[in-house]
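Source file: data.cif; contents: mmCIF, C-alpha atoms.
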data_upload
loop_
_atom_site.label_atom_id
_atom_site.label_comp_id
_atom_site.auth_asym_id
_atom_site.auth_seq_id
_atom_site.Cartn_x
_atom_site.Cartn_y
_atom_site.Cartn_z
CA LEU A 1 7.21 -2.76 3.54
CA THR A 2 9.05 -3.31 6.79
CA ARG A 3 7.71 -0.03 8.16
CA MET A 4 4.21 -1.43 7.57
CA GLY A 5 5.09 -4.57 9.51
CA VAL A 6 5.78 -6.86 6.55
CA LYS A 7 8.69 -9.26 6.82
CA ALA A 8 10.85 -8.40 3.82
CA GLU A 9 14.53 -8.36 2.98
CA ILE A 10 16.82 -7.68 0.08
CA LYS A 11 19.29 -10.36 -0.92
CA GLY A 12 21.46 -9.36 -3.83
CA ASP A 13 19.12 -8.36 -6.63
CA SER A 14 16.09 -10.03 -5.02
CA LEU A 15 13.36 -8.75 -2.74
CA ILE A 16 12.04 -11.53 -0.52
CA VAL A 17 8.62 -10.86 1.02
CA GLU A 18 6.79 -13.07 3.50
CA GLY A 19 3.20 -12.63 2.41
CA LYS A 20 0.05 -13.04 4.47
CA SER A 21 -3.52 -12.93 3.29
CA LEU A 22 -5.89 -10.33 4.67
CA ALA A 23 -7.83 -13.14 6.37
CA GLN A 24 -4.67 -14.41 8.06
CA ARG A 25 -3.78 -10.89 9.21
CA LEU A 26 -7.28 -10.42 10.63
CA LEU A 27 -7.20 -13.73 12.49
CA GLU A 28 -3.74 -13.08 13.93
CA GLY A 29 -4.39 -9.41 14.69
CA ASP A 30 -1.37 -8.56 12.55
CA MET A 31 -2.69 -5.77 10.36
CA LEU A 32 -0.43 -3.53 8.29
CA LYS A 33 0.65 -0.35 10.06
CA GLY A 34 -1.16 2.83 9.14
CA GLY A 35 0.58 6.17 9.11
CA SER A 36 2.09 8.75 6.80
CA TYR A 37 4.02 7.45 3.82
CA THR A 38 5.86 9.09 0.96
CA SER A 39 5.29 8.05 -2.63
CA HIS A 40 8.49 9.69 -3.83
CA HIS A 41 6.15 11.08 -6.53
CA ASP A 42 5.81 7.56 -8.02
CA HIS A 43 2.32 6.68 -9.22
CA ARG A 44 2.96 2.97 -8.64
CA MET A 45 3.78 3.59 -4.97
CA VAL A 46 0.56 5.56 -4.50
CA MET A 47 -1.54 2.76 -5.97
CA ALA A 48 0.26 0.10 -3.92
CA LEU A 49 -0.15 2.10 -0.70
CA LYS A 50 -3.84 2.70 -1.38
CA VAL A 51 -4.40 -1.05 -1.83
CA ALA A 52 -2.34 -1.75 1.31
CA SER A 53 -4.60 0.64 3.23
CA LEU A 54 -7.41 -1.91 2.90
CA GLY A 55 -5.52 -4.15 5.35
CA ALA A 56 -4.12 -1.47 7.66
CA ASP A 57 -4.81 -0.94 11.35
CA GLY A 58 -5.35 2.79 10.78
CA PRO A 59 -5.48 5.36 8.01
CA ILE A 60 -2.64 5.62 5.53
CA THR A 61 -1.86 9.10 4.28
CA ILE A 62 0.27 9.58 1.19
CA ASP A 63 2.12 12.79 0.40
CA ASP A 64 1.45 13.02 -3.37
CA GLU A 65 -1.64 11.10 -4.43
CA ALA A 66 -2.13 13.34 -7.46
CA CYS A 67 0.81 11.77 -9.31
CA VAL A 68 -1.36 8.78 -10.33
CA ALA A 69 -2.95 11.05 -12.95
CA LYS A 70 0.01 10.39 -15.26
CA SER A 71 -0.92 6.72 -15.70
CA PHE A 72 -4.43 6.16 -14.29
CA PRO A 73 -6.42 9.40 -13.84
CA GLN A 74 -9.55 7.51 -12.70
CA PHE A 75 -7.73 5.47 -10.05
CA HIS A 76 -8.95 7.35 -6.97
CA ASP A 77 -12.59 7.34 -8.13
CA LEU A 78 -12.45 3.64 -8.94
CA PHE A 79 -10.69 2.84 -5.65
CA GLU A 80 -13.43 4.59 -3.68
CA THR A 81 -16.09 2.41 -5.35
CA ILE A 82 -14.40 -0.81 -4.21
CA ARG A 83 -13.59 0.54 -0.75
CA LYS A 84 -17.25 1.00 0.16
#
Can you turn what I pasted into structure tokens?
Amino acid sequence: LTRMGVKAEIKGDSLIVEGKSLAQRLLEGDMLKGGSYTSHHDHRMVMALKVASLGADGPITIDDEACVAKSFPQFHDLFETIRK
């Protein structure tokens, strides 16, 4: 999250994230940072990164997008329909 430009910190067992809406990011010119990210072969990370890419200042590439097949094989096709 912090690598993408999100203010976040871990306190004990909690993750504290300062959220901003896409509209707020657009108005402030504070888009998420594009770039290459690793999913650590975790299907949840791939899906989260793909959604985050909608509010990024550049493309987001993910090392192992195929791992979503274990839980949601249609994810990439469905994502492309909403991205258009």
On this structure, the PyMOL selection byres ((chain A and resi 45-61) around 6) would catch which residues? List them as a list in words, sorted by chain and number. Met31, Leu32, Lys33, Gly34, Gly35, Ser36, Ser39, Asp42, His43, Arg44, Ile62 and Glu65 of chain A
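Residues with any atom within 12 Å of Asp30 (chain A), counting all atoms listed in the file and excluding same-chain neighbours fewer than 2 positions away, are Met4, Gly5, Val6, Lys7, Gly19, Lys20, Ser21, Leu22, Ala23, Gln24, Arg25, Leu26, Leu27, Glu28, Leu32, Lys33, Gly34, Gly55, Ala56 and Asp57 of chain A.
Interatomic distance, CA of Gly29 (chain A) to CA of Asp77 (chain A): 29.5 Å.
Note that CA of His41 (chain A) and CA of Ala69 (chain A) are 11.1 Å apart.
What separates CA of Ser71 (chain A) from CA of His40 (chain A) is a distance of 15.4 Å.
Counting all atoms listed in the file, the residue from A:Ala8, A:Ile16, A:Cys67, A:Leu78 that sits nearest to Thr38 (chain A) is A:Cys67.
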Generate the coordinates of N, CA and C atoms for region 23-34 of chain A; report them as a compact mmCIF listing (two decimals), keeping the file's coordinate frame.
# COMPACT_ATOMS: atom_id res chain seq x y z
N ALA A 23 -7.15 -12.29 5.38
CA ALA A 23 -7.83 -13.14 6.37
C ALA A 23 -6.86 -13.58 7.47
N GLN A 24 -5.68 -13.98 7.08
CA GLN A 24 -4.67 -14.41 8.06
C GLN A 24 -4.29 -13.24 8.97
N ARG A 25 -4.12 -12.06 8.40
CA ARG A 25 -3.78 -10.89 9.21
C ARG A 25 -4.90 -10.57 10.20
N LEU A 26 -6.14 -10.68 9.75
CA LEU A 26 -7.28 -10.42 10.63
C LEU A 26 -7.32 -11.43 11.78
N LEU A 27 -7.16 -12.69 11.46
CA LEU A 27 -7.20 -13.73 12.49
C LEU A 27 -6.07 -13.60 13.51
N GLU A 28 -4.90 -13.19 13.05
CA GLU A 28 -3.74 -13.08 13.93
C GLU A 28 -3.62 -11.69 14.57
N GLY A 29 -4.49 -10.77 14.17
CA GLY A 29 -4.39 -9.41 14.69
C GLY A 29 -3.10 -8.72 14.25
N ASP A 30 -2.66 -9.04 13.06
CA ASP A 30 -1.37 -8.56 12.55
C ASP A 30 -1.60 -7.69 11.31
N MET A 31 -2.37 -6.63 11.49
CA MET A 31 -2.69 -5.77 10.36
C MET A 31 -1.47 -4.93 9.96
N LEU A 32 -1.48 -4.44 8.74
CA LEU A 32 -0.43 -3.53 8.29
C LEU A 32 -0.51 -2.24 9.10
N LYS A 33 0.59 -1.57 9.25
CA LYS A 33 0.65 -0.35 10.06
C LYS A 33 0.23 0.87 9.24
N GLY A 34 -0.76 1.57 9.74
CA GLY A 34 -1.16 2.83 9.14
C GLY A 34 -0.12 3.90 9.42
